[in-house]
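Coordinates as given in coords.csv (CSV, C-alpha atoms):
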chain,number,residue,atom,x,y,z
A,1,MET,CA,0.0,0.0,0.0
A,2,ALA,CA,2.8,2.4,0.9
A,3,THR,CA,4.5,1.7,-2.5
A,4,PHE,CA,1.1,2.3,-4.2
A,5,ILE,CA,0.7,5.7,-2.6
A,6,ALA,CA,4.4,6.6,-3.2
A,7,ILE,CA,4.2,5.8,-6.9
A,8,VAL,CA,0.9,7.6,-7.3
A,9,LEU,CA,2.2,10.8,-5.6
A,10,ALA,CA,5.5,10.7,-7.4
A,11,ALA,CA,4.0,10.1,-10.8
A,12,VAL,CA,1.2,12.7,-10.6
A,13,LEU,CA,2.6,15.4,-8.4
A,14,THR,CA,6.2,15.4,-7.3
A,15,ASN,CA,7.7,14.1,-10.5
A,16,ASN,CA,5.0,15.3,-12.9
A,17,PHE,CA,6.1,14.6,-16.5
A,18,ILE,CA,5.6,18.2,-17.8
A,19,THR,CA,6.3,20.4,-14.9
A,20,VAL,CA,9.3,18.6,-13.4
A,21,LYS,CA,10.7,16.3,-16.0
A,22,THR,CA,9.7,18.4,-19.1
A,23,TYR,CA,8.8,15.3,-21.1
A,24,GLY,CA,6.1,15.7,-23.7
A,25,VAL,CA,6.2,19.4,-24.0
A,26,CYS,CA,5.5,19.5,-27.8
A,27,PRO,CA,1.9,18.3,-27.5
A,28,PHE,CA,1.5,20.2,-24.3
A,29,LEU,CA,2.2,23.5,-26.2
A,30,GLY,CA,0.7,22.4,-29.5
A,31,VAL,CA,-2.6,20.8,-28.5
A,32,SER,CA,-3.6,22.8,-25.5
A,33,LYS,CA,-5.6,25.5,-27.2
A,34,ASN,CA,-9.0,24.2,-26.1
A,35,THR,CA,-10.0,21.9,-23.3
A,36,SER,CA,-11.7,19.1,-25.3
A,37,SER,CA,-8.7,18.5,-27.6
A,38,ALA,CA,-6.4,18.7,-24.5
A,39,THR,CA,-8.4,16.0,-22.7
A,40,GLY,CA,-8.5,13.8,-25.8
A,41,MET,CA,-4.8,14.1,-26.3
A,42,GLY,CA,-4.1,13.4,-22.6
A,43,ILE,CA,-6.2,10.3,-22.6
A,44,ALA,CA,-4.7,9.0,-25.8
A,45,VAL,CA,-1.2,9.6,-24.4
A,46,THR,CA,-2.1,7.8,-21.1
A,47,LEU,CA,-3.5,4.8,-23.0
A,48,VAL,CA,-0.4,4.5,-25.2
A,49,MET,CA,2.0,5.0,-22.3
A,50,VAL,CA,0.4,2.1,-20.3
A,51,LEU,CA,0.2,-0.2,-23.3
A,52,ALA,CA,3.8,0.6,-24.3
A,53,THR,CA,5.1,-0.1,-20.8
A,54,LEU,CA,3.2,-3.4,-20.6
A,55,VAL,CA,4.9,-4.5,-23.9
A,56,THR,CA,8.4,-3.1,-23.5
A,57,TYR,CA,9.0,-3.9,-19.9
A,58,PRO,CA,8.7,-7.7,-20.2
A,59,ILE,CA,10.5,-7.7,-23.5
A,60,TYR,CA,13.4,-5.8,-21.9
A,61,THR,CA,13.6,-7.9,-18.7
A,62,TYR,CA,12.9,-11.4,-20.2
A,63,VAL,CA,14.3,-11.1,-23.7
A,64,MET,CA,16.9,-8.4,-24.0
A,65,VAL,CA,18.7,-8.7,-20.7
A,66,PRO,CA,19.2,-12.6,-21.0
A,67,LEU,CA,20.4,-12.2,-24.6
A,68,LYS,CA,22.6,-9.2,-23.6
A,69,ILE,CA,21.3,-6.9,-26.2
A,70,GLU,CA,20.3,-4.0,-23.9
A,71,PHE,CA,22.2,-1.6,-26.1
A,72,LEU,CA,19.5,-2.0,-28.8
A,73,GLU,CA,16.8,-0.8,-26.4
A,74,ILE,CA,16.2,2.5,-28.3
A,75,ILE,CA,15.7,0.9,-31.6
A,76,PHE,CA,13.4,-1.9,-30.1
A,77,PHE,CA,11.3,0.5,-28.0
A,78,ILE,CA,10.7,3.1,-30.7
A,79,PHE,CA,9.7,0.3,-33.1
A,80,ILE,CA,7.3,-1.3,-30.6
A,81,ILE,CA,5.8,2.1,-29.8
A,82,ALA,CA,5.3,3.0,-33.5
A,83,SER,CA,3.7,-0.3,-34.4
A,84,LEU,CA,1.6,-0.2,-31.2
A,85,VAL,CA,0.2,3.2,-32.1
A,86,GLN,CA,-0.6,2.1,-35.7
A,87,MET,CA,-2.3,-1.0,-34.4
A,88,LEU,CA,-4.3,0.9,-31.8
A,89,GLU,CA,-5.4,3.3,-34.5
A,90,LYS,CA,-6.8,0.5,-36.7
A,91,ILE,CA,-8.5,-1.2,-33.7
A,92,ILE,CA,-10.2,1.9,-32.5
A,93,GLN,CA,-11.3,2.7,-36.1
A,94,LYS,CA,-12.9,-0.7,-36.4
A,95,VAL,CA,-14.4,-1.1,-32.9
A,96,SER,CA,-15.6,2.4,-32.1
A,97,PRO,CA,-15.8,5.0,-34.9
A,98,SER,CA,-17.1,7.7,-32.5
A,99,LEU,CA,-14.1,7.3,-30.3
A,100,TYR,CA,-11.9,7.3,-33.3
A,101,GLY,CA,-13.5,10.6,-34.4
A,102,ALA,CA,-12.6,12.1,-31.0
A,103,MET,CA,-9.1,10.6,-30.5
A,104,GLY,CA,-8.0,9.4,-33.9
A,105,ILE,CA,-6.2,12.6,-35.0
A,106,TYR,CA,-4.0,12.6,-32.0
A,107,LEU,CA,-2.8,9.0,-32.3
A,108,PRO,CA,-0.2,9.4,-35.1
A,109,LEU,CA,1.3,12.4,-33.2
A,110,ILE,CA,2.0,10.2,-30.2
A,111,THR,CA,4.7,8.1,-31.8
A,112,THR,CA,7.0,11.1,-31.7
A,113,ASN,CA,5.9,12.1,-28.2
A,114,CYS,CA,8.9,12.0,-25.7
A,115,ALA,CA,6.5,11.1,-22.8
A,116,VAL,CA,5.9,7.6,-24.2
A,117,LEU,CA,9.5,6.7,-25.0
A,118,GLY,CA,10.5,8.5,-21.8
A,119,VAL,CA,8.3,6.4,-19.5
A,120,THR,CA,9.4,3.1,-21.1
A,121,GLU,CA,13.1,4.2,-20.6
A,122,LEU,CA,12.4,5.3,-17.0
A,123,VAL,CA,10.8,2.1,-15.8
A,124,ILE,CA,13.7,0.0,-16.9
A,125,GLY,CA,16.1,2.4,-15.2
A,126,ASP,CA,16.6,3.1,-11.5
A,127,MET,CA,13.1,3.4,-9.9
A,128,SER,CA,14.1,2.6,-6.3
A,129,LYS,CA,13.4,6.0,-5.0
A,130,PHE,CA,9.7,5.8,-6.0
A,131,LEU,CA,9.2,2.2,-4.8
A,132,ALA,CA,9.5,2.7,-1.0
A,133,GLY,CA,11.4,-0.6,-0.6
A,134,ALA,CA,9.4,-2.9,-2.9
A,135,SER,CA,11.1,-4.5,-5.8
A,136,MET,CA,10.3,-3.5,-9.3
A,137,ASN,CA,7.9,-5.6,-11.4
A,138,ILE,CA,5.6,-5.1,-14.3
A,139,GLY,CA,2.6,-4.2,-12.2
A,140,TRP,CA,4.4,-1.2,-10.6
A,141,ALA,CA,5.8,-0.3,-14.0
A,142,ALA,CA,2.3,-0.2,-15.5
A,143,LEU,CA,0.9,1.7,-12.5
A,144,TYR,CA,3.7,4.3,-12.8
A,145,ALA,CA,2.9,4.7,-16.5
A,146,LEU,CA,-0.8,5.1,-15.8
A,147,PHE,CA,-0.4,7.8,-13.2
A,148,ALA,CA,2.3,9.6,-15.1
A,149,GLY,CA,-0.1,9.7,-18.0
A,150,LEU,CA,-2.9,11.0,-15.7
A,151,GLY,CA,-0.5,13.7,-14.4
A,152,PHE,CA,0.2,14.7,-17.9
A,153,THR,CA,-3.5,14.9,-18.7
A,154,LEU,CA,-4.1,17.0,-15.5
A,155,VAL,CA,-1.5,19.6,-16.5
A,156,MET,CA,-2.8,19.6,-20.1
A,157,ILE,CA,-6.3,20.4,-18.9
A,158,ILE,CA,-5.1,23.2,-16.5
A,159,MET,CA,-3.1,24.7,-19.3
A,160,SER,CA,-5.9,24.6,-21.8
A,161,GLY,CA,-8.3,26.2,-19.4
A,162,MET,CA,-5.8,29.1,-18.9
A,163,ARG,CA,-5.2,29.4,-22.6
A,164,GLU,CA,-8.9,29.6,-23.3
A,165,LYS,CA,-9.1,32.5,-20.9
A,166,LEU,CA,-6.1,34.2,-22.4
A,167,ASN,CA,-7.9,34.4,-25.8
A,168,TYR,CA,-10.0,37.2,-24.3
A,169,TYR,CA,-7.0,39.5,-24.0
A,170,LYS,CA,-5.1,41.2,-26.7
A,171,THR,CA,-1.4,40.5,-26.6
A,172,PRO,CA,1.4,42.3,-28.6
A,173,LYS,CA,2.4,40.5,-31.8
A,174,ALA,CA,5.8,39.3,-30.5
A,175,ILE,CA,4.4,37.7,-27.4
A,176,ALA,CA,1.3,36.1,-29.0
A,177,GLY,CA,1.4,32.4,-29.5
A,178,PHE,CA,4.3,30.4,-28.0
A,179,PRO,CA,5.8,33.0,-25.7
A,180,ILE,CA,2.7,33.7,-23.8
A,181,ALA,CA,1.9,30.0,-23.6
A,182,MET,CA,5.3,29.4,-22.1
A,183,VAL,CA,4.9,32.1,-19.5
A,184,THR,CA,1.6,30.5,-18.6
A,185,ALA,CA,3.4,27.2,-18.3
A,186,CYS,CA,5.9,28.8,-16.1
A,187,PHE,CA,3.2,29.7,-13.6
A,188,ILE,CA,1.8,26.2,-13.7
A,189,CYS,CA,5.3,24.8,-13.0
A,190,MET,CA,5.8,27.3,-10.1
A,191,ALA,CA,2.4,26.1,-8.6
A,192,PHE,CA,3.6,22.5,-8.9
A,193,THR,CA,6.9,23.1,-7.0
A,194,VAL,CA,4.7,23.2,-3.9
A,195,PHE,CA,4.3,19.4,-4.2
A,196,SER,CA,8.1,18.9,-4.1
A,197,TYR,CA,7.8,19.3,-0.3
A,198,ILE,CA,5.9,15.9,-0.2
A,199,SER,CA,8.4,13.2,0.8
B,200,MET,CA,26.4,29.8,-54.1
B,201,ASN,CA,23.5,31.9,-53.1
B,202,LYS,CA,21.4,28.8,-52.5
B,203,TYR,CA,23.9,27.5,-49.9
B,204,LYS,CA,24.0,30.9,-48.2
B,205,LYS,CA,20.2,30.8,-48.0
B,206,ILE,CA,20.2,27.3,-46.4
B,207,THR,CA,22.8,28.4,-43.8
B,208,LEU,CA,21.0,31.6,-42.9
B,209,ASP,CA,17.6,29.8,-42.7
B,210,GLY,CA,19.0,27.3,-40.3
B,211,LEU,CA,20.8,29.8,-38.1
B,212,ILE,CA,18.2,32.6,-38.1
B,213,PHE,CA,15.2,32.8,-40.3
B,214,GLN,CA,14.0,29.2,-39.6
B,215,ASN,CA,15.9,28.7,-36.4
B,216,PRO,CA,14.5,25.4,-35.0
B,217,THR,CA,14.3,26.6,-31.4
B,218,PHE,CA,13.1,30.2,-31.7
B,219,MET,CA,11.2,30.3,-35.0
B,220,LEU,CA,9.8,26.8,-35.5
B,221,VAL,CA,9.7,25.9,-31.7
B,222,LEU,CA,10.7,22.3,-32.3
B,223,GLY,CA,12.6,20.0,-29.9
B,224,THR,CA,11.2,21.8,-26.8
B,225,CYS,CA,11.6,18.9,-24.3
B,226,PRO,CA,15.4,18.7,-24.3
B,227,THR,CA,15.6,22.5,-24.5
B,228,LEU,CA,13.5,23.0,-21.4
B,229,GLY,CA,15.0,20.1,-19.5
B,230,LEU,CA,18.7,21.0,-20.1
B,231,ILE,CA,19.0,24.8,-20.1
B,232,ASN,CA,19.5,25.0,-16.4
B,233,SER,CA,23.2,24.3,-17.1
B,234,ALA,CA,25.1,25.8,-20.0
B,235,PHE,CA,27.4,22.8,-20.3
B,236,SER,CA,24.6,20.2,-20.8
B,237,ALA,CA,22.7,22.6,-23.1
B,238,MET,CA,25.8,23.0,-25.3
B,239,GLY,CA,26.5,19.2,-25.2
B,240,MET,CA,23.0,18.4,-26.2
B,241,GLY,CA,23.2,20.9,-29.1
B,242,LEU,CA,26.5,19.5,-30.4
B,243,THR,CA,25.2,15.9,-30.1
B,244,VAL,CA,22.2,17.0,-32.2
B,245,VAL,CA,24.4,18.7,-34.8
B,246,VAL,CA,26.3,15.4,-35.4
B,247,ILE,CA,23.2,13.2,-35.4
B,248,LEU,CA,21.2,15.6,-37.6
B,249,THR,CA,24.0,16.0,-40.1
B,250,LEU,CA,24.5,12.2,-40.4
B,251,SER,CA,20.8,11.5,-40.6
B,252,ASN,CA,20.2,14.1,-43.2
B,253,LEU,CA,23.2,12.8,-45.2
B,254,LEU,CA,22.0,9.2,-45.0
B,255,ILE,CA,18.4,9.9,-45.7
B,256,SER,CA,19.3,12.1,-48.7
B,257,LEU,CA,21.6,9.4,-50.0
B,258,LEU,CA,18.8,6.8,-49.6
B,259,ARG,CA,15.9,9.0,-50.8
B,260,LYS,CA,15.6,7.2,-54.1
B,261,VAL,CA,15.8,3.7,-52.5
B,262,ILE,CA,13.3,4.2,-49.7
B,263,PRO,CA,9.7,3.6,-50.8
B,264,ASN,CA,7.4,6.5,-50.1
B,265,GLU,CA,4.9,4.5,-48.1
B,266,VAL,CA,7.3,3.2,-45.4
B,267,ARG,CA,9.6,6.2,-45.3
B,268,ILE,CA,8.8,7.2,-41.7
B,269,PRO,CA,9.7,3.8,-40.1
B,270,CYS,CA,12.9,3.9,-42.3
B,271,TYR,CA,13.8,7.3,-41.0
B,272,ILE,CA,13.1,6.3,-37.4
B,273,VAL,CA,15.4,3.2,-37.8
B,274,ILE,CA,18.2,5.4,-39.2
B,275,ILE,CA,17.9,8.0,-36.5
B,276,ALA,CA,17.6,5.3,-33.7
B,277,THR,CA,20.7,3.6,-34.9
B,278,LEU,CA,22.6,6.9,-34.9
B,279,VAL,CA,21.4,7.8,-31.4
B,280,THR,CA,22.5,4.3,-30.2
B,281,PHE,CA,26.0,4.9,-31.5
B,282,ALA,CA,26.1,8.4,-30.0
B,283,ARG,CA,25.0,7.1,-26.7
B,284,MET,CA,27.7,4.4,-26.7
B,285,PHE,CA,30.3,7.0,-27.8
B,286,LEU,CA,29.4,9.5,-25.0
B,287,GLN,CA,29.2,6.7,-22.4
B,288,LYS,CA,32.7,5.6,-23.2
B,289,PHE,CA,34.5,8.9,-24.0
B,290,LEU,CA,32.5,11.7,-22.4
B,291,PRO,CA,31.0,10.2,-19.2
B,292,ASP,CA,30.4,13.7,-17.6
B,293,LEU,CA,28.3,14.8,-20.5
B,294,TYR,CA,26.5,11.4,-20.6
B,295,ASP,CA,25.5,11.8,-17.0
B,296,SER,CA,24.3,15.4,-17.4
B,297,LEU,CA,22.2,14.6,-20.4
B,298,GLY,CA,20.4,11.7,-18.5
B,299,GLY,CA,17.2,10.5,-20.2
B,300,PHE,CA,17.3,13.2,-22.8
B,301,LEU,CA,20.0,11.4,-24.7
B,302,ALA,CA,17.7,8.5,-25.7
B,303,LEU,CA,14.9,11.0,-26.4
B,304,ILE,CA,16.9,12.5,-29.3
B,305,VAL,CA,15.2,9.8,-31.3
B,306,VAL,CA,11.8,11.5,-30.9
B,307,ASN,CA,13.3,15.0,-31.2
B,308,CYS,CA,11.0,16.7,-33.8
B,309,ILE,CA,13.8,18.6,-35.3
B,310,ILE,CA,15.6,15.5,-36.7
B,311,LEU,CA,12.5,13.8,-38.1
B,312,GLY,CA,11.1,17.1,-39.2
B,313,ARG,CA,14.3,18.0,-41.3
B,314,ALA,CA,14.3,14.5,-42.8
B,315,GLU,CA,10.7,14.9,-43.9
B,316,ALA,CA,10.8,18.5,-44.9
B,317,PHE,CA,14.2,18.8,-46.4
B,318,ALA,CA,16.5,15.7,-46.8
B,319,ASN,CA,14.1,13.7,-48.9
B,320,LYS,CA,13.8,16.4,-51.5
B,321,HIS,CA,17.3,17.8,-51.8
B,322,ASN,CA,20.7,16.5,-52.8
B,323,VAL,CA,23.4,15.2,-50.4
B,324,LEU,CA,25.5,18.3,-50.1
B,325,GLU,CA,22.5,20.6,-49.5
B,326,SER,CA,21.0,18.2,-46.9
B,327,ALA,CA,24.3,17.9,-45.0
B,328,LEU,CA,24.7,21.7,-45.0
B,329,ASP,CA,21.1,22.0,-43.8
B,330,GLY,CA,21.8,19.5,-41.0
B,331,VAL,CA,24.9,21.5,-39.9
B,332,SER,CA,23.2,24.9,-40.0
B,333,GLN,CA,19.9,23.7,-38.3
B,334,GLY,CA,22.0,21.9,-35.7
B,335,LEU,CA,24.2,24.9,-35.0
B,336,GLY,CA,21.1,27.1,-34.8
B,337,PHE,CA,19.7,24.8,-32.2
B,338,THR,CA,23.1,24.7,-30.4
B,339,ALA,CA,23.4,28.5,-30.4
B,340,ALA,CA,19.9,29.0,-29.0
B,341,LEU,CA,20.4,26.3,-26.3
B,342,THR,CA,23.8,27.7,-25.3
B,343,LEU,CA,22.4,31.3,-25.1
B,344,MET,CA,19.5,30.2,-22.9
B,345,GLY,CA,21.7,27.9,-20.9
B,346,VAL,CA,24.1,30.8,-20.1
B,347,ILE,CA,21.2,33.0,-19.1
B,348,CYS,CA,19.6,30.4,-16.9
B,349,GLU,CA,22.8,29.2,-15.3
B,350,PHE,CA,24.2,32.7,-14.7
B,351,LEU,CA,21.0,34.0,-13.0
B,352,GLY,CA,19.8,30.8,-11.5
B,353,LYS,CA,23.0,29.3,-10.1
B,354,GLY,CA,25.5,32.2,-10.3
B,355,SER,CA,27.9,30.2,-12.3
B,356,LEU,CA,29.0,29.7,-16.0
B,357,PHE,CA,29.9,26.3,-17.4
B,358,GLY,CA,30.2,25.1,-13.8
B,359,TYR,CA,32.6,27.9,-12.6
B,360,GLU,CA,31.2,29.9,-9.8
B,361,ILE,CA,31.1,33.6,-10.6
B,362,MET,CA,28.8,35.4,-8.1
B,363,SER,CA,26.9,34.4,-5.0
B,364,PHE,CA,23.7,36.2,-5.9
B,365,LYS,CA,21.2,33.8,-7.5
B,366,ILE,CA,17.6,33.5,-8.4
B,367,ALA,CA,17.1,29.7,-7.8
B,368,MET,CA,13.7,29.7,-9.6
B,369,LEU,CA,15.5,30.3,-12.9
B,370,ALA,CA,17.3,27.0,-12.7
B,371,THR,CA,14.1,25.0,-12.4
B,372,PRO,CA,11.7,24.0,-15.2
B,373,ALA,CA,9.5,27.0,-14.3
B,374,GLY,CA,12.4,29.3,-15.0
B,375,ALA,CA,13.3,27.4,-18.2
B,376,PHE,CA,9.8,28.0,-19.5
B,377,LEU,CA,10.0,31.7,-18.6
B,378,VAL,CA,13.4,32.3,-20.2
B,379,TYR,CA,12.5,30.3,-23.3
B,380,GLY,CA,9.2,32.2,-23.7
B,381,LEU,CA,10.9,35.6,-23.3
B,382,CYS,CA,13.8,34.7,-25.7
B,383,ILE,CA,11.3,33.7,-28.4
B,384,ALA,CA,9.5,37.0,-27.9
B,385,VAL,CA,12.7,39.0,-28.2
B,386,PHE,CA,14.0,37.0,-31.2
B,387,VAL,CA,10.7,37.4,-33.1
B,388,TYR,CA,10.6,41.1,-32.3
B,389,VAL,CA,14.1,41.7,-33.6
B,390,ILE,CA,13.6,39.6,-36.7
B,391,ASP,CA,10.3,41.5,-37.4
B,392,GLY,CA,12.1,44.8,-37.0
B,393,PHE,CA,14.8,43.7,-39.6
B,394,GLU,CA,12.2,42.5,-42.0
B,395,ARG,CA,10.3,45.8,-41.7
B,396,ALA,CA,13.5,47.9,-42.2
B,397,ARG,CA,14.4,45.8,-45.2
B,398,ARG,CA,10.9,46.3,-46.7
B,399,VAL,CA,11.0,50.0,-46.2
B,400,LYS,CA,14.5,50.2,-47.8
B,401,ALA,CA,13.3,48.1,-50.8
B,402,ASN,CA,10.3,50.3,-51.3
B,403,LYS,CA,12.4,53.5,-51.1
B,404,LEU,CA,14.8,52.0,-53.7
B,405,ALA,CA,12.0,51.0,-56.0
B,406,ARG,CA,10.5,54.5,-55.8
B,407,GLU,CA,13.9,56.1,-56.6
B,408,ASN,CA,14.4,53.8,-59.5
B,409,MET,CA,10.9,54.7,-60.8
B,410,LEU,CA,11.6,58.4,-60.4
B,411,THR,CA,14.9,58.2,-62.3
B,412,GLU,CA,13.2,56.2,-65.1
B,413,VAL,CA,10.4,58.8,-65.3
B,414,ALA,CA,13.0,61.6,-65.3
Target format structure tokens, applied to this file:
Amino acid sequence: MATFIAIVLAAVLTNNFITVKTYGVCPFLGVSKNTSSATGMGIAVTLVMVLATLVTYPIYTYVMVPLKIEFLEIIFFIFIIASLVQMLEKIIQKVSPSLYGAMGIYLPLITTNCAVLGVTELVIGDMSKFLAGASMNIGWAALYALFAGLGFTLVMIIMSGMREKLNYYKTPKAIAGFPIAMVTACFICMAFTVFSYIS
Amino acid sequence: MNKYKKITLDGLIFQNPTFMLVLGTCPTLGLINSAFSAMGMGLTVVVILTLSNLLISLLRKVIPNEVRIPCYIVIIATLVTFARMFLQKFLPDLYDSLGGFLALIVVNCIILGRAEAFANKHNVLESALDGVSQGLGFTAALTLMGVICEFLGKGSLFGYEIMSFKIAMLATPAGAFLVYGLCIAVFVYVIDGFERARRVKANKLARENMLTEVA
């Protein structure tokens, strides 16, 4: 239970992917103009993160480590993620066209999202400080991926809300667009530093 | 010759990947709290981008159009794997300071973006030059912001302590976002100013030419 709480808090708040690790900032800045697309992107990323971890973690521990081909991890992981995203796109298109309409356009973008490759690289690395004494296994890896994705979605939604409000104000030409979005993101990050006192 | 000059200037200034196109933001924001790691990241990207542009441009007639993205990803991932082994062996300091962002060069939008937008349409020499100039544009931007963030946030430059006054917030991701945003704003403002001045000058020249012709 202690490990569960430690992982959830670490993934969502103290080590949030956007505000602390700065993984997955491209979609964070690109797709956060309105709340519905931000939510769709966040959920799609979370789904892919969990599935990718569920596939790459066993492959790494049970295939690549015994065969001593760990150095190929980047090539393996990016290929697994790319094919997983393609497969997921086709499955969603067949099973639920309405979901595909809402989420489909974000899926191809996810292949080149650092958050997905980042989480698969993180869970095979040193996770001892998040685990509170327990040993690493695929369950904790998937849990970490799930809550890291939810933390990503949370920040996406906060950001999109703020950007929707920002549309009501006139900004100078040089600041409009990315600069003002980054200053907004700066405030969100500052708010999230409060959580770094949790230990 | 003019074509090569245009490619170089585009990469360094007019299509600077960091300030004008805003690509590859994750490593930028994650590493500009130290000038050393920012510059190291930039130079690693220069090497990988040049080699990937070169290889993709060489293979552009061989790779079928339908599977080009997976092919590009394999080329880039192989280069990143080599770069990672090289840094681990020969530059362990840099390897440690780059951390997870070294593997994430694979999904850096600049490299895939240049492959897709430039290298598969241009010849080898132009693509290599584009890789070097885009990479150097990225490096220059990262080093500039790294110097600002490290100087104000840690009171040091490239690891050497300079002053004891520091604004610790600027060495965190929050400060990175702030500095990056303001740098883009200043850059865009300056470039806009240049463009406007150039347009005014061109108009004036055209009017004078017209007047002399009339006279």
Taking all atoms listed in the file into account, produce a table as CSV in which each residue of chain A with an atom at most 10 Å from an atom of chain B appears once, together with its shortest atom pair and the distance in Å to one decimal, ordered by chain and rising number.
residue,atom,partner,partner_atom,distance
A:Ile18,CA,B:Pro372,CA,8.8
A:Thr19,CA,B:Pro372,CA,6.5
A:Val20,CA,B:Pro372,CA,6.2
A:Lys21,CA,B:Gly229,CA,6.7
A:Thr22,CA,B:Cys225,CA,5.6
A:Tyr23,CA,B:Cys225,CA,5.6
A:Gly24,CA,B:Cys225,CA,6.4
A:Val25,CA,B:Cys225,CA,5.4
A:Cys26,CA,B:Thr224,CA,6.2
A:Pro27,CA,B:Thr224,CA,10.0
A:Leu29,CA,B:Thr224,CA,9.2
A:Gly30,CA,B:Val221,CA,9.9
A:Phe71,CA,B:Thr280,CA,7.2
A:Leu72,CA,B:Thr280,CA,7.1
A:Glu73,CA,B:Thr280,CA,8.5
A:Ile74,CA,B:Ala276,CA,6.2
A:Ile75,CA,B:Ala276,CA,5.2
A:Phe76,CA,B:Ala276,CA,9.1
A:Phe77,CA,B:Ala276,CA,9.8
A:Ile78,CA,B:Ile272,CA,7.8
A:Phe79,CA,B:Pro269,CA,7.8
A:Ala82,CA,B:Pro269,CA,8.0
A:Ser83,CA,B:Pro269,CA,9.2
A:Ile110,CA,B:Val306,CA,9.9
A:Thr111,CA,B:Val306,CA,7.9
A:Thr112,CA,B:Val306,CA,4.9
A:Asn113,CA,B:Val306,CA,6.5
A:Cys114,CA,B:Val306,CA,6.0
A:Ala115,CA,B:Leu303,CA,9.1
A:Val116,CA,B:Val306,CA,9.7
A:Leu117,CA,B:Leu303,CA,7.0
A:Gly118,CA,B:Leu303,CA,6.8
A:Val119,CA,B:Gly299,CA,9.8
A:Glu121,CA,B:Gly299,CA,7.5
A:Leu122,CA,B:Gly299,CA,7.8
A:Gly125,CA,B:Gly299,CA,9.6
A:Pro172,CA,B:Ala384,CA,9.7
A:Lys173,CA,B:Tyr388,CA,8.2
A:Ala174,CA,B:Ala384,CA,5.1
A:Ile175,CA,B:Ala384,CA,5.2
A:Ala176,CA,B:Ala384,CA,8.3
A:Gly177,CA,B:Ala384,CA,9.5
A:Phe178,CA,B:Gly380,CA,6.8
A:Pro179,CA,B:Gly380,CA,4.0
A:Ile180,CA,B:Gly380,CA,6.7
A:Ala181,CA,B:Gly380,CA,7.6
A:Met182,CA,B:Gly380,CA,5.1
A:Val183,CA,B:Leu377,CA,5.2
A:Thr184,CA,B:Leu377,CA,8.5
A:Ala185,CA,B:Phe376,CA,6.6
A:Cys186,CA,B:Ala373,CA,4.4
A:Phe187,CA,B:Ala373,CA,6.9
A:Ile188,CA,B:Ala373,CA,7.8
A:Cys189,CA,B:Ala373,CA,4.9
A:Met190,CA,B:Ala373,CA,5.6
A:Ala191,CA,B:Ala373,CA,9.1
A:Phe192,CA,B:Ala373,CA,9.2
A:Thr193,CA,B:Ala373,CA,8.7
Find the residues around region 319-321 of chain B up to 12 Å (only C-alpha atoms counted), leave out those fewer than 2 positions away in its own chain, and share them as a PyMOL selection string.
-> chain B and resi 202-203+206+251-264+267-268+270-271+311-317+323-330
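The environment of Gly161 (chain A) within 10 Å, counting all atoms listed in the file and disregarding residues fewer than 5 places along the same chain, consists of A:Ser32, A:Lys33, A:Asn34, A:Thr35, A:Ser36, A:Ala38, A:Val155, A:Met156, A:Leu166.
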Residue contacts of Thr46 (chain A) (10 Å, all atoms listed in the file) excluding same-chain residues fewer than 6 positions away, as a ChimeraX atom specification | /A:40,52,115-116,145-153
Have a look at B:Ala234, B:Val331, B:Lys288, B:Asn215 and name the one nearest to Ile247 (chain B); count all atoms listed in the file.
->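 The closest residue to Ile247 (chain B) is B:Val331.
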